[in-house]
Structure formats: C-alpha cells, structure tokens
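Structure file query.pdb; described as PDB, C-alpha atoms.
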ATOM      1  CA  THR C   1      35.478  34.841  68.285
ATOM      2  CA  HIS C   2      38.191  32.472  69.462
ATOM      3  CA  THR C   3      35.500  30.284  71.095
ATOM      4  CA  MET C   4      33.543  30.053  67.838
ATOM      5  CA  THR C   5      36.339  29.875  65.267
ATOM      6  CA  GLY C   6      39.492  28.950  67.183
ATOM      7  CA  LYS C   7      42.648  28.724  65.125
ATOM      8  CA  PRO C   8      41.832  27.614  61.566
ATOM      9  CA  HIS C   9      45.110  25.765  61.019
ATOM     10  CA  SER C  10      45.208  23.989  64.387
ATOM     11  CA  VAL C  11      43.123  20.848  64.854
ATOM     12  CA  LYS C  12      43.698  20.903  68.593
ATOM     13  CA  GLU C  13      42.464  24.500  68.947
ATOM     14  CA  ARG C  14      39.465  24.324  66.639
ATOM     15  CA  GLY C  15      36.443  26.419  67.543
ATOM     16  CA  LEU C  16      32.854  25.368  68.151
ATOM     17  CA  ALA C  17      31.903  25.765  64.483
ATOM     18  CA  ALA C  18      34.493  23.274  63.218
ATOM     19  CA  ARG C  19      33.866  20.848  66.105
ATOM     20  CA  THR C  20      30.119  20.991  65.448
ATOM     21  CA  LEU C  21      30.567  20.111  61.779
ATOM     22  CA  SER C  22      32.829  17.158  62.639
ATOM     23  CA  TYR C  23      30.349  15.829  65.200
ATOM     24  CA  LEU C  24      27.393  16.300  62.846
ATOM     25  CA  PHE C  25      28.916  14.350  59.966
ATOM     26  CA  ARG C  26      30.025  11.554  62.300
ATOM     27  CA  ARG C  27      26.427  11.166  63.488
ATOM     28  CA  ILE C  28      25.157  11.217  59.905
ATOM     29  CA  ASP C  29      27.594   8.443  58.913
ATOM     30  CA  ASP C  30      26.377   6.350  61.851
ATOM     31  CA  ARG C  31      22.742   6.586  60.703
ATOM     32  CA  GLN C  32      23.060   6.165  56.954
ATOM     33  CA  GLY C  33      21.344   2.781  57.006
ATOM     34  CA  ASP C  34      17.837   3.814  58.096
ATOM     35  CA  SER C  35      17.869   7.536  57.253
ATOM     36  CA  SER C  36      19.076  10.049  54.717
ATOM     37  CA  PHE C  37      20.215  13.576  55.503
ATOM     38  CA  SER C  38      20.909  16.809  53.668
ATOM     39  CA  VAL C  39      23.015  19.628  55.129
ATOM     40  CA  ARG C  40      23.149  23.245  53.983
ATOM     41  CA  LEU C  41      25.268  26.087  55.329
ATOM     42  CA  SER C  42      24.931  29.858  55.367
ATOM     43  CA  TYR C  43      27.104  32.592  56.849
ATOM     44  CA  LEU C  44      25.556  35.992  57.519
ATOM     45  CA  GLU C  45      27.477  39.073  58.598
ATOM     46  CA  ILE C  46      25.744  42.075  60.211
ATOM     47  CA  TYR C  47      28.061  45.041  59.789
ATOM     48  CA  ASN C  48      26.837  48.523  60.771
ATOM     49  CA  GLU C  49      23.241  47.179  60.590
ATOM     50  CA  GLN C  50      23.802  46.053  57.003
ATOM     51  CA  LEU C  51      23.456  42.439  55.907
ATOM     52  CA  PHE C  52      26.244  40.680  54.031
ATOM     53  CA  ASP C  53      26.385  37.137  52.687
ATOM     54  CA  LEU C  54      29.869  35.762  53.357
ATOM     55  CA  LEU C  55      29.139  32.811  51.061
ATOM     56  CA  HIS C  56      28.021  34.942  48.154
ATOM     57  CA  GLY C  57      29.128  32.209  45.786
ATOM     58  CA  ASP C  58      29.806  32.911  42.120
ATOM     59  CA  PRO C  59      33.185  34.692  41.864
ATOM     60  CA  ASP C  60      32.362  35.724  38.272
ATOM     61  CA  GLU C  61      29.374  37.702  39.552
ATOM     62  CA  LYS C  62      31.701  40.478  40.693
ATOM     63  CA  GLN C  63      32.853  41.009  37.129
ATOM     64  CA  ARG C  64      29.310  42.023  36.146
ATOM     65  CA  HIS C  65      29.386  44.889  38.690
ATOM     66  CA  PRO C  66      31.813  47.632  37.570
ATOM     67  CA  ALA C  67      31.715  49.218  41.048
ATOM     68  CA  ALA C  68      32.842  46.027  42.753
ATOM     69  CA  LYS C  69      36.530  46.804  42.874
ATOM     70  CA  ASP C  70      36.981  45.204  46.274
ATOM     71  CA  ASP C  71      35.320  42.290  48.038
ATOM     72  CA  ARG C  72      33.433  44.470  50.551
ATOM     73  CA  VAL C  73      31.684  46.456  47.792
ATOM     74  CA  ALA C  74      30.970  43.249  45.893
ATOM     75  CA  LYS C  75      29.331  41.660  48.915
ATOM     76  CA  GLN C  76      27.200  44.743  49.464
ATOM     77  CA  LEU C  77      26.021  44.737  45.841
ATOM     78  CA  LEU C  78      25.312  41.013  45.833
ATOM     79  CA  SER C  79      23.594  41.145  49.233
ATOM     80  CA  GLY C  80      21.316  44.070  48.419
ATOM     81  CA  SER C  81      18.365  41.778  47.753
ATOM     82  CA  MET C  82      18.539  40.107  51.178
ATOM     83  CA  GLN C  83      15.575  40.639  53.455
ATOM     84  CA  ILE C  84      14.521  39.102  56.766
ATOM     85  CA  MET C  85      11.046  37.594  56.624
ATOM     86  CA  THR C  86       8.805  35.791  59.108
ATOM     87  CA  THR C  87       6.869  32.850  57.702
ATOM     88  CA  GLY C  88       4.705  29.988  58.884
ATOM     89  CA  PRO C  89       2.333  29.604  61.806
ATOM     90  CA  GLY C  90       5.233  29.167  64.195
ATOM     91  CA  GLY C  91       6.798  32.463  63.153
ATOM     92  CA  GLY C  92       9.926  30.911  61.658
ATOM     93  CA  VAL C  93      12.482  33.381  60.303
ATOM     94  CA  VAL C  94      14.008  33.061  56.843
ATOM     95  CA  MET C  95      16.364  35.311  54.924
ATOM     96  CA  SER C  96      15.486  35.846  51.289
ATOM     97  CA  GLY C  97      18.544  36.107  49.082
ATOM     98  CA  LEU C  98      20.873  34.410  51.583
ATOM     99  CA  ASN C  99      22.873  31.637  49.966
ATOM    100  CA  ARG C 100      22.382  28.192  51.540
ATOM    101  CA  ARG C 101      25.182  26.073  50.197
ATOM    102  CA  MET C 102      24.682  22.320  50.033
ATOM    103  CA  VAL C 103      27.543  20.278  51.517
ATOM    104  CA  ARG C 104      27.875  16.487  51.346
ATOM    105  CA  THR C 105      31.075  15.868  53.264
ATOM    106  CA  GLU C 106      32.936  17.266  56.243
ATOM    107  CA  GLU C 107      35.654  18.569  53.935
ATOM    108  CA  GLU C 108      33.143  20.574  51.867
ATOM    109  CA  ALA C 109      31.681  22.044  55.058
ATOM    110  CA  PHE C 110      35.123  23.115  56.303
ATOM    111  CA  ALA C 111      35.870  24.720  52.936
ATOM    112  CA  CYS C 112      32.704  26.845  53.232
ATOM    113  CA  LEU C 113      33.538  27.802  56.809
ATOM    114  CA  PHE C 114      37.090  28.883  56.014
ATOM    115  CA  GLU C 115      35.966  30.736  52.871
ATOM    116  CA  ALA C 116      33.488  32.789  54.874
ATOM    117  CA  GLU C 117      35.984  33.495  57.661
ATOM    118  CA  THR C 118      38.336  35.176  55.186
ATOM    119  CA  ASN C 119      35.564  37.606  54.168
ATOM    120  CA  ARG C 120      34.913  39.019  57.645
ATOM    121  CA  VAL C 121      35.655  42.607  58.655
ATOM    122  CA  ILE C 122      38.540  42.894  61.134
ATOM    123  CA  ALA C 123      40.223  46.000  62.551
ATOM    124  CA  SER C 124      42.582  46.825  65.399
ATOM    125  CA  HIS C 125      42.411  49.132  68.403
ATOM    126  CA  GLU C 126      44.372  49.522  71.629
ATOM    127  CA  LEU C 127      42.807  46.469  73.321
ATOM    128  CA  ASN C 128      42.709  44.038  70.395
ATOM    129  CA  TYR C 129      44.851  43.964  67.296
ATOM    130  CA  SER C 130      42.371  41.699  65.445
ATOM    131  CA  SER C 131      38.959  42.842  66.643
ATOM    132  CA  THR C 132      35.949  41.612  64.689
ATOM    133  CA  ARG C 133      33.796  44.565  63.689
ATOM    134  CA  SER C 134      30.534  42.742  63.012
ATOM    135  CA  HIS C 135      28.172  40.075  64.292
ATOM    136  CA  CYS C 136      28.413  36.837  62.320
ATOM    137  CA  ILE C 137      25.884  34.008  62.234
ATOM    138  CA  PHE C 138      26.994  30.644  60.876
ATOM    139  CA  THR C 139      23.895  28.499  60.327
ATOM    140  CA  VAL C 140      23.599  24.761  59.721
ATOM    141  CA  TYR C 141      20.319  23.610  58.149
ATOM    142  CA  ILE C 142      19.639  19.887  58.546
ATOM    143  CA  GLU C 143      16.893  17.802  56.979
ATOM    144  CA  GLY C 144      16.495  14.106  57.759
ATOM    145  CA  ARG C 145      14.181  11.578  56.118
ATOM    146  CA  HIS C 146      13.218   8.460  58.064
ATOM    147  CA  GLN C 147      10.991   5.559  56.977
ATOM    148  CA  ALA C 148       9.103   3.449  59.487
ATOM    149  CA  TYR C 149       5.976   1.281  59.625
ATOM    150  CA  ASP C 150       2.928   3.126  60.991
ATOM    151  CA  GLU C 151       0.369   0.799  62.550
ATOM    152  CA  SER C 152      -2.370   3.431  62.482
ATOM    153  CA  VAL C 153      -2.448   3.388  58.671
ATOM    154  CA  GLY C 154      -0.934  -0.029  58.062
ATOM    155  CA  ALA C 155       1.776   1.261  55.755
ATOM    156  CA  THR C 156       5.368   2.500  55.674
ATOM    157  CA  VAL C 157       5.437   6.242  56.262
ATOM    158  CA  GLU C 158       8.283   8.651  55.546
ATOM    159  CA  THR C 159       8.840  11.289  58.220
ATOM    160  CA  VAL C 160      10.823  14.425  57.460
ATOM    161  CA  SER C 161      12.633  16.142  60.339
ATOM    162  CA  HIS C 162      14.243  19.528  59.943
ATOM    163  CA  ALA C 163      16.243  21.799  62.211
ATOM    164  CA  LYS C 164      18.691  24.659  62.091
ATOM    165  CA  LEU C 165      21.597  25.535  64.335
ATOM    166  CA  HIS C 166      22.803  29.124  64.659
ATOM    167  CA  LEU C 167      26.382  29.582  65.829
ATOM    168  CA  VAL C 168      26.555  33.296  66.596
ATOM    169  CA  ASP C 169      29.789  35.210  67.047
ATOM    170  CA  LEU C 170      28.799  38.451  68.750
ATOM    171  CA  ALA C 171      31.189  41.341  68.466
ATOM    172  CA  GLY C 172      32.185  42.463  71.946
ATOM    173  CA  SER C 173      30.910  45.679  73.470
ATOM    174  CA  GLU C 174      33.511  48.445  73.671
ATOM    175  CA  ARG C 175      34.200  51.407  75.931
ATOM    176  CA  ILE C 176      35.322  54.159  73.581
ATOM    177  CA  PHE C 177      37.503  55.913  76.174
ATOM    178  CA  LYS C 178      39.492  52.658  76.602
ATOM    179  CA  THR C 179      39.847  51.652  72.956
ATOM    180  CA  ASN C 180      40.488  55.253  71.764
ATOM    181  CA  SER C 181      38.715  54.389  68.519
ATOM    182  CA  THR C 182      38.316  57.031  65.830
ATOM    183  CA  GLY C 183      36.874  57.301  62.354
ATOM    184  CA  THR C 184      35.409  54.110  60.884
ATOM    185  CA  VAL C 185      36.341  52.001  63.918
ATOM    186  CA  LEU C 186      34.423  54.421  66.158
ATOM    187  CA  GLN C 187      31.348  54.199  63.915
ATOM    188  CA  GLU C 188      31.584  50.378  64.008
ATOM    189  CA  ALA C 189      31.853  50.385  67.820
ATOM    190  CA  ARG C 190      28.705  52.498  68.131
ATOM    191  CA  ALA C 191      26.759  50.109  65.878
ATOM    192  CA  ILE C 192      28.020  47.099  67.855
ATOM    193  CA  ASN C 193      27.100  48.582  71.236
ATOM    194  CA  LYS C 194      23.680  49.649  69.988
ATOM    195  CA  SER C 195      22.780  46.197  68.641
ATOM    196  CA  LEU C 196      24.002  44.507  71.836
ATOM    197  CA  SER C 197      21.824  46.864  73.856
ATOM    198  CA  PHE C 198      18.799  45.873  71.760
ATOM    199  CA  LEU C 199      19.682  42.199  72.236
ATOM    200  CA  GLU C 200      19.683  42.678  76.004
ATOM    201  CA  GLN C 201      16.295  44.398  75.819
ATOM    202  CA  VAL C 202      14.871  41.378  73.954
ATOM    203  CA  VAL C 203      16.316  38.970  76.530
ATOM    204  CA  VAL C 204      14.829  41.014  79.395
ATOM    205  CA  ALA C 205      11.428  41.030  77.675
ATOM    206  CA  LEU C 206      11.535  37.261  77.062
ATOM    207  CA  ALA C 207      12.316  36.603  80.705
ATOM    208  CA  ASP C 208       9.219  38.565  81.741
ATOM    209  CA  LYS C 209       6.276  36.241  81.027
ATOM    210  CA  GLN C 210       3.799  39.105  81.459
ATOM    211  CA  ARG C 211       5.257  41.054  78.542
ATOM    212  CA  GLU C 212       3.027  40.934  75.478
ATOM    213  CA  HIS C 213       5.395  42.621  73.022
ATOM    214  CA  ILE C 214       8.971  41.527  72.363
ATOM    215  CA  PRO C 215      11.002  44.208  70.491
ATOM    216  CA  TYR C 216      12.639  41.879  67.967
ATOM    217  CA  ARG C 217      12.579  44.375  65.094
ATOM    218  CA  GLN C 218      14.765  46.988  66.755
ATOM    219  CA  SER C 219      17.894  45.554  65.117
ATOM    220  CA  GLN C 220      18.856  43.186  62.336
ATOM    221  CA  LEU C 221      20.486  40.843  64.856
ATOM    222  CA  THR C 222      17.432  40.320  67.072
ATOM    223  CA  HIS C 223      15.087  40.173  64.071
ATOM    224  CA  PHE C 224      17.086  37.386  62.423
ATOM    225  CA  LEU C 225      17.447  35.471  65.712
ATOM    226  CA  LYS C 226      13.764  35.831  66.654
ATOM    227  CA  ASP C 227      12.915  32.115  66.452
ATOM    228  CA  SER C 228      16.226  31.200  68.097
ATOM    229  CA  LEU C 229      15.658  33.311  71.204
ATOM    230  CA  GLY C 230      11.970  32.994  71.989
ATOM    231  CA  GLY C 231      10.722  30.408  69.512
ATOM    232  CA  ASN C 232      10.794  26.618  69.255
ATOM    233  CA  CYS C 233      14.431  26.446  70.270
ATOM    234  CA  LYS C 234      17.144  25.827  72.805
ATOM    235  CA  SER C 235      19.483  28.749  73.420
ATOM    236  CA  LEU C 236      22.925  28.692  74.986
ATOM    237  CA  LEU C 237      25.034  31.753  75.765
ATOM    238  CA  ILE C 238      28.782  31.589  76.301
ATOM    239  CA  ALA C 239      29.902  34.704  78.159
ATOM    240  CA  CYS C 240      33.541  35.674  77.662
ATOM    241  CA  ILE C 241      35.021  37.908  80.353
ATOM    242  CA  TRP C 242      38.420  39.485  80.958
ATOM    243  CA  PRO C 243      39.510  38.899  84.591
ATOM    244  CA  VAL C 244      41.473  42.106  84.904
ATOM    245  CA  ALA C 245      40.753  44.733  87.565
ATOM    246  CA  SER C 246      40.765  47.594  85.064
ATOM    247  CA  HIS C 247      37.871  45.948  83.152
ATOM    248  CA  ILE C 248      35.724  45.030  86.145
ATOM    249  CA  GLU C 249      32.778  47.138  84.886
ATOM    250  CA  GLN C 250      32.659  45.254  81.587
ATOM    251  CA  THR C 251      32.984  41.928  83.384
ATOM    252  CA  LEU C 252      30.048  42.692  85.690
ATOM    253  CA  ALA C 253      27.910  43.905  82.782
ATOM    254  CA  THR C 254      28.607  40.683  80.873
ATOM    255  CA  LEU C 255      27.768  38.494  83.867
ATOM    256  CA  LYS C 256      24.517  40.394  84.464
ATOM    257  CA  PHE C 257      23.542  39.838  80.847
ATOM    258  CA  ALA C 258      24.317  36.119  81.181
ATOM    259  CA  THR C 259      22.149  35.973  84.316
ATOM    260  CA  ARG C 260      19.239  37.527  82.411
ATOM    261  CA  MET C 261      19.698  34.961  79.645
ATOM    262  CA  LEU C 262      19.342  32.156  82.191
ATOM    263  CA  ARG C 263      15.811  33.345  82.937
ATOM    264  CA  VAL C 264      14.641  32.754  79.347
ATOM    265  CA  LYS C 265      12.793  29.435  79.332
ATOM    266  CA  ASN C 266      11.557  27.696  76.166
ATOM    267  CA  ALA C 267       9.895  24.318  75.616
ATOM    268  CA  PRO C 268      11.085  23.126  72.185
ATOM    269  CA  THR C 269       9.503  20.268  70.242
ATOM    270  CA  ARG C 270      10.704  18.247  67.272
ATOM    271  CA  ASN C 271      10.024  19.655  63.791
ATOM    272  CA  ASP C 272       8.575  16.523  62.187
ATOM    273  CA  ARG C 273       6.201  16.195  59.291
ATOM    274  CA  SER C 274       5.068  13.393  57.009
ATOM    275  CA  GLY C 275       6.192  13.101  53.416
ATOM    276  CA  ALA C 276       4.599  14.449  50.235
ATOM    277  CA  ASP C 277       1.424  12.426  50.807
ATOM    278  CA  SER C 278       0.952  13.722  54.353
ATOM    279  CA  VAL C 279      -2.566  15.047  53.648
ATOM    280  CA  VAL C 280      -3.773  11.661  52.442
ATOM    281  CA  LEU C 281      -2.092   9.858  55.332
ATOM    282  CA  GLN C 282      -3.641  12.160  57.892
ATOM    283  CA  GLN C 283      -7.048  11.579  56.284
ATOM    284  CA  TYR C 284      -6.534   7.801  56.490
ATOM    285  CA  LYS C 285      -5.545   8.108  60.142
ATOM    286  CA  ARG C 286      -8.690  10.069  60.933
ATOM    287  CA  GLU C 287     -10.871   7.521  59.112
ATOM    288  CA  VAL C 288      -9.244   4.610  60.941
ATOM    289  CA  GLN C 289      -9.729   6.330  64.291
ATOM    290  CA  GLN C 290     -13.377   7.058  63.443
ATOM    291  CA  LEU C 291     -14.035   3.434  62.437
ATOM    292  CA  ARG C 292     -12.405   2.180  65.621
ATOM    293  CA  ALA C 293     -14.600   4.512  67.668
ATOM    294  CA  GLU C 294     -17.704   3.254  65.863
ATOM    295  CA  LEU C 295     -16.747  -0.365  66.555
ATOM    296  CA  ALA C 296     -16.184   0.406  70.222
ATOM    297  CA  LEU C 297     -19.592   2.101  70.395
ATOM    298  CA  ARG C 298     -21.240  -0.875  68.683
ATOM    299  CA  ASP C 299     -19.663  -3.283  71.191
ATOM    300  CA  THR C 300     -20.828  -1.115  74.104
ATOM    301  CA  ILE C 301     -24.426  -1.008  72.848
ATOM    302  CA  PHE C 302     -24.503  -4.772  72.258
ATOM    303  CA  ARG C 303     -23.263  -5.439  75.803
ATOM    304  CA  MET C 304     -25.965  -3.193  77.221
ATOM    305  CA  ASP C 305     -28.725  -5.035  75.294
ATOM    306  CA  ASN C 306     -27.260  -8.548  75.674
ATOM    307  CA  PRO C 307     -25.117  -8.668  78.808
ATOM    308  CA  GLU C 308     -24.891 -12.450  78.820
ATOM    309  CA  LYS C 309     -24.186 -13.051  75.124
ATOM    310  CA  PRO C 310     -20.755 -12.861  73.484
ATOM    311  CA  ILE C 311     -20.188 -10.044  70.977
ATOM    312  CA  PRO C 312     -20.903 -11.456  67.485
ATOM    313  CA  PRO C 313     -18.619 -10.779  64.503
ATOM    314  CA  LEU C 314     -19.224  -7.585  62.576
ATOM    315  CA  ALA C 315     -20.800  -9.398  59.599
ATOM    316  CA  GLN C 316     -23.550 -10.864  61.811
ATOM    317  CA  VAL C 317     -24.578  -7.483  63.187
ATOM    318  CA  HIS C 318     -24.777  -5.522  59.941
ATOM    319  CA  MET C 319     -27.187  -7.698  57.898
ATOM    320  CA  PRO C 320     -27.973  -6.941  54.229
ATOM    321  CA  PHE C 321     -30.926  -4.644  53.491
ATOM    322  CA  SER C 322     -34.265  -6.291  52.714
ATOM    323  CA  LYS C 323     -36.245  -5.497  49.541
ATOM    324  CA  GLU C 324     -38.603  -3.276  51.534
ATOM    325  CA  HIS C 325     -35.709  -1.271  52.971
ATOM    326  CA  LEU C 326     -34.146  -0.844  49.529
ATOM    327  CA  ALA C 327     -37.460   0.335  48.085
ATOM    328  CA  ALA C 328     -37.917   2.865  50.859
ATOM    329  CA  ILE C 329     -34.379   4.195  50.409
ATOM    330  CA  ARG C 330     -34.860   4.453  46.634
ATOM    331  CA  SER C 331     -38.098   6.380  47.129
ATOM    332  CA  GLU C 332     -36.448   8.844  49.515
ATOM    333  CA  LEU C 333     -33.563   9.382  47.135
ATOM    334  CA  GLU C 334     -35.889  10.060  44.187
ATOM    335  CA  THR C 335     -37.885  12.503  46.267
ATOM    336  CA  PHE C 336     -34.709  14.268  47.327
ATOM    337  CA  VAL C 337     -33.313  14.464  43.788
TER     338      VAL C 337
END
Please express the file's structure as structure tokens.
Amino acid sequence: THTMTGKPHSVKERGLAARTLSYLFRRIDDRQGDSSFSVRLSYLEIYNEQLFDLLHGDPDEKQRHPAAKDDRVAKQLLSGSMQIMTTGPGGGVVMSGLNRRMVRTEEEAFACLFEAETNRVIASHELNYSSTRSHCIFTVYIEGRHQAYDESVGATVETVSHAKLHLVDLAGSERIFKTNSTGTVLQEARAINKSLSFLEQVVVALADKQREHIPYRQSQLTHFLKDSLGGNCKSLLIACIWPVASHIEQTLATLKFATRMLRVKNAPTRNDRSGADSVVLQQYKREVQQLRAELALRDTIFRMDNPEKPIPPLAQVHMPFSKEHLAAIRSELETFV
C-alpha cells in the first residue's frame, strides 16, 4: 500500500499512483500539438468478494437511500449494479456500472485519487495498525487521437489509440496465529488469503503453455484482471517482503510467487484503430492494393509478350471498345436480363 499510495501529503514520498499521473500529464502536455488525449479514472475496491466503486460520484445519491446511514452501506447500494463482463474478440474486460471519471488536469486527477483513498476499508491488528482490508484497483483509461497522411489512400487519416493501466494494491496475506485477528477482521483475512491463493493459481496456469483452461472466474480479482494478466498486456509485480527472521515463511512464499510471475510471458501490441470512417478507408486501401496488383500483372504480361519494347502508358493498352464489341456486350446483357 505504501508503494502504491505513499504519503498523500508528502510530495517526496508519493506513491506510484500519484507519480504515474504526474508523468502521464507531462507527456500529454508535450504532445498537444499533433495529438489530443482524453483521460478517465476509476477506483474499484474488492472487499470480501464484493465490488465497491470508490468514486461513486453524486453525494446527493445517498440521500435517496434511507438505509445509507454510513458511507460503506451507501457504496454497497450504489455499487449493486456493477458486473464484470468480457467483451470483444480480444476478450477485453469491462465493468458495467463502474464510474469512469473524466479528468482534464493533473490537479483533477489527484483530487479523484485522494477522494477514493479516503473511502477504503482499513483496520488494525497486532502486526499493522493501519492494515488495508481489501484489494484496490486504480485504473487509468487513455485515448489518443492522431492525424497523419496515409499514402495508401492519399488522404489524412485519424488514428485512435487506447490503453488502460491498472495500478493494483493487493492486500497482504496474513497468518491468523500471528495477527490474532477475530470477528470481522478474521473474516476479512480469510477472504484476502483465499483471493490471493486464486491469483497464484491463475499465474501458475498462465506460466504453463500447455494449459488450455485458465481459472480466471474463481475470484472477482482474477476475473477483473483477466486481460491484464494473460491478455494483450505488460504485467509487473512488486513483491514487498519483511526481512525479519520470525516472518521467513511469509517472505519465502512471496518470493516464490514472484518467481512464478516471472514465467508469465505476453506479447502485447498497440491498440490502434482508424476513425469513424474506418470501414470506408479500409475498403479504399483494399481497392488501391488490388489496382496496384492488376497493374503489376499487366506489366509482367507485356514484358513476356514484348521483351524488347518499353511498357506503354496505361491509356495505350486499354483501347476503347469497337462498335462490334459494344453490340456483342449489349446482346449478352439483354439475354441475361
């Protein structure tokens, strides 16, 4: 959690999430001349295998729910319609009902990040006085539009690139006999350990190229991260260990999991597509390629028949039809009709 979020009020000790947003908006400012970008943010919390939107938005919405006396109940009511879905030929994962908030500046992005951080579930036990009790996924959705001249169609074409970046804060696995957790904290620890076990099973399956089935749907965490573990993606795991002799078992287990993650190999490609008229442009490209192939075939045939003569212009090869040819074509058409 400290790696991802750092200290909110310390610029020097910012986490990866805040540093990523700063870097992203600097790059966008550098490329404003030839491209335009849109950035959206979402923050999903998986608590006891339930989904919660930490950017649930409209504060007045809680007033319409009489049962929403506290923020946790309100989030559960407002997040009840969320559902993980798999769409598209590439198996991309989307979350219906999850708020994707548009941000235009770095300051707006930080405001969303800090707002969501205040809504997380935190509890204390003997090893950590501020232990996060859920997995949280902060996602940055980026869409870029670039215009460039395409020689294959002889026109300026707009290309749309899109990507998403998941910054995942995994709750740490816990040994119950060391944390002495009871009640709700014990129930949370069991849910955390169970989901982490399912995550490890998915990583092991992905590393085995002979496996046909990957058990993504065993938990909400692995289902939502399906296209970010074994899809068109790059994945990076930061393993946090505690170099204390009394926790050597946990340290070894974490390092073994990190080793398994290293064996997962993906070959990502850019997510580019043409603009709104992509169908027409692709048709034009195919027609141009077909015409070029026909011209190349015509030149080859002419060289075979006239090896010593230069290739004449196209207009001299395709002569107009004679009256006899036109009459024959008209007769065939009438017969056909």
Give me the box for range 209-228 of chain C as JSON, namely the centre and edge lengths in Å to one decimal of a box along x, y and z that holds every listed atom plus 4 Å on each side.
{"center_x": 11.8, "center_y": 39.1, "center_z": 71.9, "size_x": 25.5, "size_y": 23.8, "size_z": 27.1}
Please report the interatomic distance between CA of Ser22 in chain C and CA of Glu106 in chain C in Å with one decimal. 6.4 Å
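The gap separating CA of Glu45 in chain C from CA of Arg104 in chain C is 23.7 Å, in Å to one decimal.
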Contacts between range 255-262 of chain C and range 106-219 of chain C, please, where a residue of range 106-219 of chain C counts if it comes within 7 Å (with all atoms listed in the file); show its shortest atom pair and distance in Å to one decimal, rows by chain and ascending number, as CSV.
residue,atom,partner,partner_atom,distance
C:Glu200,CA,C:Phe257,CA,6.8
C:Val203,CA,C:Met261,CA,6.1
C:Val204,CA,C:Arg260,CA,6.4
So which residues get picked by the PyMOL selection byres ((chain C and resi 185-198) around 9) here, written as JSON, numbers by chain? {"C": [47, 48, 49, 123, 124, 125, 133, 134, 135, 170, 171, 172, 173, 174, 175, 176, 180, 181, 182, 183, 184, 199, 200, 201, 202, 203, 215, 216, 218, 219, 220, 221, 222]}
Gap from CA of His247 in chain C to CA of Glu13 in chain C - Å, one decimal: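 Interatomic distance here is 26.1 Å.
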Using all atoms listed in the file, can you tell me which of C:Ser246, C:Arg145, C:Val39, C:Thr5 comes closest to Thr118 in chain C?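 So, comparing all the options, the nearest one is C:Thr5.
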Evaluating the PyMOL selection byres ((chain C and resi 144) around 12) on the displayed file yields which residues, as a PyMOL selection string? chain C and resi 27-28+31-32+34-40+141-143+145-147+158-164+270-275
For Ala18 in chain C, which residue out of C:Leu237, C:Ala328, C:Ala205, C:Leu113 is the nearest one, using only C-alpha atoms?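 The answer is C:Leu113, which sits nearest to Ala18 in chain C.
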Take the point (25.0, 31.8, 52.2) in the file's coordinates, draw a sphere of radius 7 Å around it, and report as a count of residues only every protein, DNA or RNA residue with an atom inside or on it, counting only C-alpha atoms. 12
For the file shown, report as a list in words the outcome of the PyMOL selection byres ((chain C and resi 2) around 10) at residue level.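 Applied to this file, the PyMOL selection byres ((chain C and resi 2) around 10) selects Thr1, Thr3, Met4, Thr5, Gly6, Lys7, Pro8, Glu13, Arg14, Gly15, Leu16, Asp169 and Cys240 of chain C.
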For the residues in that selection, give me C-alpha atoms as a PDB file, keeping the file's coordinate frame.
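Wrote it out as part_5.pdb, contents follow:
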ATOM      1  CA  THR C   1      35.478  34.841  68.285  1.00  0.00           C
ATOM      2  CA  THR C   3      35.500  30.284  71.095  1.00  0.00           C
ATOM      3  CA  MET C   4      33.543  30.053  67.838  1.00  0.00           C
ATOM      4  CA  THR C   5      36.339  29.875  65.267  1.00  0.00           C
ATOM      5  CA  GLY C   6      39.492  28.950  67.183  1.00  0.00           C
ATOM      6  CA  LYS C   7      42.648  28.724  65.125  1.00  0.00           C
ATOM      7  CA  PRO C   8      41.832  27.614  61.566  1.00  0.00           C
ATOM      8  CA  GLU C  13      42.464  24.500  68.947  1.00  0.00           C
ATOM      9  CA  ARG C  14      39.465  24.324  66.639  1.00  0.00           C
ATOM     10  CA  GLY C  15      36.443  26.419  67.543  1.00  0.00           C
ATOM     11  CA  LEU C  16      32.854  25.368  68.151  1.00  0.00           C
ATOM     12  CA  ASP C 169      29.789  35.210  67.047  1.00  0.00           C
ATOM     13  CA  CYS C 240      33.541  35.674  77.662  1.00  0.00           C
TER      14      CYS C 240
END
